[in-house]
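Asks: First the structure, which I've put down as structure tokens, then a few questions once you've had a look.
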Amino acid sequence: AGPCGSPGRSEGSVEGWAKMAAGGGRYFCTAGRGLEPFLAREVRARLGATEVDCVSGKVFFSTEAELGELRKLKSGERLFLLLKRGPPLAVSRDKGKMLHDIKSLVIEEPKYWLDVISIWRNLHGWEGKKDDASQENQLPLKRKSEDTCIATKRLKTEQERETLSEECPAEASERCVVPERKSDHDCWTESKTFLGNPSKSSTEKPVEKEKLNFSFRVSCRCSGAIAKILPSQEIGRAVGIALMKQFGWHADLRDPDLEIFVHINDMHFVAGIPLFRLPLANRDYIKTAGLRSTIAWAMASLAEINAGAFVLDPMCGLGTILLEAAKEWPEACYWGADISDSQLEGADVNIRTAGLMDKIELLKASVKALPLPSESFDAVISDIPFGKKFQITKDIQLLPDILQEMERVLRVGGTVVLLLSQDLHKHLGGITKCAENDSANASSDGVSETPAAKALSVDGNSSSLVNGVEESFLSSRQAHFGSLVPDGFYGVSLGKTDAFIHKYRKVSAAGNR
């Protein structure tokens, strides 16, 4: 099977037990849209992962890697131990039946849940709750404090009369599943629900309560058809009460030992345990964030950086791309240029914070007239500024000059990797110097029409199509620019806007095509 399997496949029982018996674990990691194939490739290369399977926004995989290795993932957002993965719930107007079905999914395999939790405890040495606390952003749920208080009071009242009911209550959250605090970048529509202690009159026997007497909280993200019938908060309460009855745990909204993440949509039902409080994308070596670190890393991964290579970012801004590249490929030499003093000052602070002063050189220069020798760099990587933030109105007209200067300083065989806005992406073909005839020349030069698809292939299958999701890269019909031959482009999300990563390879000396 390829990396992108059926979204409705079930996991969490026989397959999961087999993985744990072999000493490994089944995980999933969330990813920004368009980065799924990058993450699929990374978990294979970095973790030796098997059974890699991706859907929109998630990559599932199995690995025996230790916690320290798992933490090194660069293209993912949040990492989870997989508790349950199954087909989407059947939607009906009977809310009671749907809540009962959700409860059944939680308690049908208690032994497996306890085995997964045992892996979580072993990974963290039972200190998982505190491991990232010192690095945590001080954002104590301010936005939701009022809603939380109301929900807490309401739930305490509801708890007294609902514990014996089959329609278990619950709680909810979207993509952000940090146990205590969360980053605005990852949170969608969320609510956290405090669940009181389960009633003593419950007839269900807790499983190994004396061994697992800790606090927990449920985060539930619900979207699609089921969200029109049941809100996330109601589903979350159902899951929470079921867990309290089954295992005898007690709930804690503010500072739980364990976080249970549940995501239900039209594709699947997924439950997992987050391994870290902070997103993987939060780099402790970056003091002031610029470009999203996962995007910067993905761009650097396309540049084919080798030991001893010279790498340039001619519009480096705060230096995020250079930092990500230098951390991952430290045997290369990095240069950053920018016309803005404030940006260079920020980049310098970031470089010093990361301890990379001996790896990265900065200079003040215009990207249209770089004071650098021709054919002196093996790779050029840059985020072309765009949008209201930069107040650039003639970026389309500037792009030919920018590309020409990048082409000049790049060695033959080197790569250019650019992040472009949708507008620049659309107009790129119109500003190129070479027309359709160059496409034929590219083939004769031995340049494959779809090398990017091949590069991101897993098990020989293209990972560009993620279960019906829009293709992450489209490498056909790209035009050339001078001696720069297209080598694929990749659609990615920057949150509120979309962008494209373009890759080019220099096939001959400038002006000698």
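Starting from 1 in every chain, residues are counted up; chains themselves are A, B, ... following the order of the structure tokens, and ligands are numbered from 1 as listed.
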For Thr415 (chain A), list every protein, DNA or RNA residue within 10 Å, evaluated using only C-alpha atoms, and leave out those in the same chain fewer than 4 positions away; present the list as a count of residues only.

Replies: 23

Asks: Taking 5 positions as the minimum chain separation for residues in the same chain, which residues sit within 7 Å of region 358-370 of chain A when counting only C-alpha atoms? Answer as a ChimeraX atom specification.

Replies: /A:314-315,326,333-339,401-402,405

Asks: Keeping all heavy atoms for every residue in the selection just given, could you write it to a file as a short mmCIF file (atom, residue, chain, number, x, y, z; two decimals), in the first residue's frame?

Replies:
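Result written to out.cif:
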data_model
loop_
_atom_site.label_atom_id
_atom_site.label_comp_id
_atom_site.auth_asym_id
_atom_site.auth_seq_id
_atom_site.Cartn_x
_atom_site.Cartn_y
_atom_site.Cartn_z
N PRO A 314 18.76 35.14 -0.23
CA PRO A 314 19.00 36.55 -0.56
C PRO A 314 17.93 37.50 -0.04
O PRO A 314 18.06 38.71 -0.20
CB PRO A 314 19.02 36.53 -2.08
CG PRO A 314 18.08 35.43 -2.45
CD PRO A 314 18.26 34.38 -1.39
N MET A 315 16.87 36.97 0.56
CA MET A 315 15.83 37.79 1.19
C MET A 315 15.51 37.12 2.53
O MET A 315 14.39 36.68 2.76
CB MET A 315 14.60 37.88 0.29
CG MET A 315 14.91 38.38 -1.12
SD MET A 315 13.47 38.41 -2.23
CE MET A 315 12.65 39.89 -1.68
N ALA A 326 20.48 25.08 8.69
CA ALA A 326 21.74 24.90 9.41
C ALA A 326 21.61 23.90 10.56
O ALA A 326 22.57 23.19 10.88
CB ALA A 326 22.22 26.25 9.94
N CYS A 333 27.68 25.66 4.53
CA CYS A 333 27.93 27.06 4.89
C CYS A 333 26.76 27.91 4.40
O CYS A 333 26.32 27.77 3.26
CB CYS A 333 29.23 27.54 4.24
SG CYS A 333 30.68 26.59 4.74
N TYR A 334 26.28 28.82 5.25
CA TYR A 334 25.06 29.55 4.95
C TYR A 334 25.30 31.06 4.95
O TYR A 334 26.01 31.60 5.80
CB TYR A 334 23.97 29.19 5.97
CG TYR A 334 23.61 27.72 5.95
CD1 TYR A 334 24.28 26.81 6.76
CD2 TYR A 334 22.62 27.24 5.10
CE1 TYR A 334 23.96 25.46 6.73
CE2 TYR A 334 22.31 25.89 5.06
CZ TYR A 334 22.98 25.01 5.87
OH TYR A 334 22.68 23.68 5.83
N TRP A 335 24.66 31.71 3.98
CA TRP A 335 24.71 33.17 3.84
C TRP A 335 23.29 33.71 3.75
O TRP A 335 22.43 33.15 3.06
CB TRP A 335 25.49 33.57 2.59
CG TRP A 335 26.96 33.33 2.69
CD1 TRP A 335 27.60 32.13 2.70
CD2 TRP A 335 27.98 34.32 2.80
NE1 TRP A 335 28.95 32.30 2.81
CE2 TRP A 335 29.23 33.64 2.88
CE3 TRP A 335 27.97 35.72 2.84
CZ2 TRP A 335 30.43 34.31 2.99
CZ3 TRP A 335 29.18 36.38 2.95
CH2 TRP A 335 30.40 35.68 3.03
N GLY A 336 23.06 34.83 4.44
CA GLY A 336 21.77 35.49 4.35
C GLY A 336 21.94 36.96 4.02
O GLY A 336 22.82 37.63 4.57
N ALA A 337 21.11 37.46 3.11
CA ALA A 337 21.15 38.87 2.74
C ALA A 337 19.77 39.48 2.87
O ALA A 337 18.76 38.79 2.68
CB ALA A 337 21.66 39.03 1.30
N ASP A 338 19.72 40.75 3.21
CA ASP A 338 18.44 41.46 3.27
C ASP A 338 18.74 42.95 3.20
O ASP A 338 19.82 43.40 3.60
CB ASP A 338 17.68 41.13 4.55
CG ASP A 338 16.17 41.34 4.38
OD1 ASP A 338 15.73 42.51 4.37
OD2 ASP A 338 15.45 40.34 4.26
N ILE A 339 17.79 43.70 2.68
CA ILE A 339 17.96 45.14 2.53
C ILE A 339 17.55 45.89 3.79
O ILE A 339 17.86 47.07 3.98
CB ILE A 339 17.15 45.67 1.31
CG1 ILE A 339 17.64 47.06 0.89
CG2 ILE A 339 15.68 45.64 1.61
CD1 ILE A 339 19.07 47.08 0.38
N ASP A 401 13.80 40.18 -12.23
CA ASP A 401 15.10 40.65 -11.77
C ASP A 401 15.64 39.78 -10.63
O ASP A 401 16.83 39.48 -10.56
CB ASP A 401 15.01 42.10 -11.30
CG ASP A 401 14.72 43.07 -12.44
OD1 ASP A 401 15.05 42.72 -13.59
OD2 ASP A 401 14.16 44.15 -12.17
N ILE A 402 14.72 39.38 -9.74
CA ILE A 402 15.11 38.54 -8.61
C ILE A 402 15.61 37.18 -9.11
O ILE A 402 16.67 36.69 -8.70
CB ILE A 402 13.91 38.35 -7.65
CG1 ILE A 402 13.56 39.69 -6.97
CG2 ILE A 402 14.22 37.29 -6.60
CD1 ILE A 402 12.29 39.64 -6.14
N GLU A 405 19.09 37.37 -10.83
CA GLU A 405 20.22 37.49 -9.93
C GLU A 405 20.47 36.16 -9.19
O GLU A 405 21.63 35.78 -8.96
CB GLU A 405 19.97 38.62 -8.92
CG GLU A 405 21.15 38.98 -8.05
CD GLU A 405 22.32 39.58 -8.84
OE1 GLU A 405 22.31 39.57 -10.09
OE2 GLU A 405 23.27 40.06 -8.20
#

Asks: Just asking: which residues within region 191-435 of chain A are helix (DSSP H, G or I) according to DSSP, as a ChimeraX atom specification?

Replies: /A:225-228,232-247,293-302,320-328,341-353,388-390,395-409,422-431

Asks: With C-alpha atoms kept, could you save the residues just selected as a JSON list (two decimals), in the first residue's frame?

Replies:
[["chain", "number", "residue", "atom", "x", "y", "z"],
["A", 225, "ALA", "CA", -22.09, 15.94, 9.14],
["A", 226, "ILE", "CA", -21.87, 14.80, 12.76],
["A", 227, "ALA", "CA", -21.09, 18.34, 13.92],
["A", 228, "LYS", "CA", -24.54, 19.41, 12.72],
["A", 232, "SER", "CA", -17.91, 18.93, 20.14],
["A", 233, "GLN", "CA", -18.56, 19.70, 23.78],
["A", 234, "GLU", "CA", -21.34, 17.12, 24.03],
["A", 235, "ILE", "CA", -19.23, 14.44, 22.37],
["A", 236, "GLY", "CA", -16.33, 15.27, 24.64],
["A", 237, "ARG", "CA", -18.43, 14.90, 27.75],
["A", 238, "ALA", "CA", -19.62, 11.48, 26.53],
["A", 239, "VAL", "CA", -16.06, 10.30, 26.05],
["A", 240, "GLY", "CA", -14.99, 11.73, 29.40],
["A", 241, "ILE", "CA", -17.74, 10.08, 31.43],
["A", 242, "ALA", "CA", -17.14, 6.76, 29.67],
["A", 243, "LEU", "CA", -13.46, 6.89, 30.58],
["A", 244, "MET", "CA", -14.19, 7.74, 34.21],
["A", 245, "LYS", "CA", -16.62, 4.85, 34.51],
["A", 246, "GLN", "CA", -14.32, 2.42, 32.74],
["A", 247, "PHE", "CA", -11.00, 3.27, 34.36],
["A", 293, "SER", "CA", 9.25, 26.65, 10.76],
["A", 294, "THR", "CA", 7.66, 23.58, 9.14],
["A", 295, "ILE", "CA", 7.43, 25.39, 5.78],
["A", 296, "ALA", "CA", 11.03, 26.61, 6.11],
["A", 297, "TRP", "CA", 12.24, 23.09, 6.83],
["A", 298, "ALA", "CA", 10.28, 21.65, 3.90],
["A", 299, "MET", "CA", 11.83, 24.22, 1.56],
["A", 300, "ALA", "CA", 15.33, 23.41, 2.82],
["A", 301, "SER", "CA", 14.68, 19.69, 2.39],
["A", 302, "LEU", "CA", 14.08, 20.27, -1.33],
["A", 320, "THR", "CA", 14.08, 31.15, 9.65],
["A", 321, "ILE", "CA", 15.00, 29.22, 6.50],
["A", 322, "LEU", "CA", 18.71, 29.50, 7.27],
["A", 323, "LEU", "CA", 18.17, 28.40, 10.87],
["A", 324, "GLU", "CA", 16.14, 25.34, 9.87],
["A", 325, "ALA", "CA", 18.67, 24.38, 7.20],
["A", 326, "ALA", "CA", 21.74, 24.90, 9.41],
["A", 327, "LYS", "CA", 20.22, 22.87, 12.26],
["A", 328, "GLU", "CA", 19.40, 19.96, 9.95],
["A", 341, "ASP", "CA", 18.40, 46.70, 8.93],
["A", 342, "SER", "CA", 15.65, 45.66, 11.35],
["A", 343, "GLN", "CA", 15.25, 42.27, 9.67],
["A", 344, "LEU", "CA", 19.00, 41.67, 9.77],
["A", 345, "GLU", "CA", 19.09, 42.64, 13.45],
["A", 346, "GLY", "CA", 16.31, 40.15, 14.17],
["A", 347, "ALA", "CA", 18.08, 37.47, 12.16],
["A", 348, "ASP", "CA", 21.30, 38.11, 14.09],
["A", 349, "VAL", "CA", 19.50, 37.66, 17.42],
["A", 350, "ASN", "CA", 17.96, 34.40, 16.17],
["A", 351, "ILE", "CA", 21.31, 33.11, 14.95],
["A", 352, "ARG", "CA", 22.97, 33.91, 18.29],
["A", 353, "THR", "CA", 20.09, 32.29, 20.20],
["A", 388, "LYS", "CA", -0.19, 43.49, 2.96],
["A", 389, "LYS", "CA", 2.47, 43.08, 5.62],
["A", 390, "PHE", "CA", 5.22, 43.94, 3.14],
["A", 395, "ASP", "CA", 6.25, 42.14, -6.81],
["A", 396, "ILE", "CA", 5.24, 40.57, -10.13],
["A", 397, "GLN", "CA", 7.38, 43.06, -12.04],
["A", 398, "LEU", "CA", 10.30, 42.53, -9.64],
["A", 399, "LEU", "CA", 10.32, 38.75, -9.92],
["A", 400, "PRO", "CA", 12.26, 38.55, -13.24],
["A", 401, "ASP", "CA", 15.10, 40.65, -11.77],
["A", 402, "ILE", "CA", 15.11, 38.54, -8.61],
["A", 403, "LEU", "CA", 15.25, 35.28, -10.56],
["A", 404, "GLN", "CA", 17.97, 36.59, -12.85],
["A", 405, "GLU", "CA", 20.22, 37.49, -9.93],
["A", 406, "MET", "CA", 19.57, 34.15, -8.23],
["A", 407, "GLU", "CA", 20.42, 32.40, -11.48],
["A", 408, "ARG", "CA", 23.67, 34.36, -11.72],
["A", 409, "VAL", "CA", 25.03, 33.40, -8.29],
["A", 422, "GLN", "CA", -0.82, 32.62, -5.36],
["A", 423, "ASP", "CA", -0.59, 35.69, -7.59],
["A", 424, "LEU", "CA", 3.12, 35.22, -8.24],
["A", 425, "HIS", "CA", 2.53, 31.54, -8.86],
["A", 426, "LYS", "CA", -0.17, 32.30, -11.43],
["A", 427, "HIS", "CA", 1.90, 34.92, -13.25],
["A", 428, "LEU", "CA", 5.20, 33.07, -13.19],
["A", 429, "GLY", "CA", 4.65, 31.53, -16.63],
["A", 430, "GLY", "CA", 3.97, 34.94, -18.14],
["A", 431, "ILE", "CA", 7.28, 36.44, -17.08]]

Asks: Looking at only C-alpha atoms, which of A:Cys222, A:Ile102, A:Asp252, A:Lys72 is the one that sits closest to Ala281 (chain A)?

Replies: A:Lys72

Asks: Just list the residues in region 283-387 of chain A DSSP gives strand (DSSP E) on the backbone, as a list in words.

Replies: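 Strand (DSSP E) assignments inside region 283-387 of chain A correspond to Phe310, Val311, Leu312, Asp313, Cys333, Tyr334, Trp335, Gly336, Ala337, Asp338, Ile360, Glu361, Leu362, Leu363, Lys364, Phe377, Asp378, Ala379, Val380, Ile381, Ser382 and Asp383 of chain A.
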
Asks: CA of Pro279 (chain A) and CA of Pro256 (chain A) are how many Å apart?

Replies: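 CA of Pro256 (chain A) lies 17.5 Å from CA of Pro279 (chain A).
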
Asks: Quick one: residues within 9 Å of Leu420 (chain A), only C-alpha atoms counted, chain neighbours fewer than 6 positions away excluded, as a PyMOL selection string?

Replies: chain A and resi 383-386+499-502
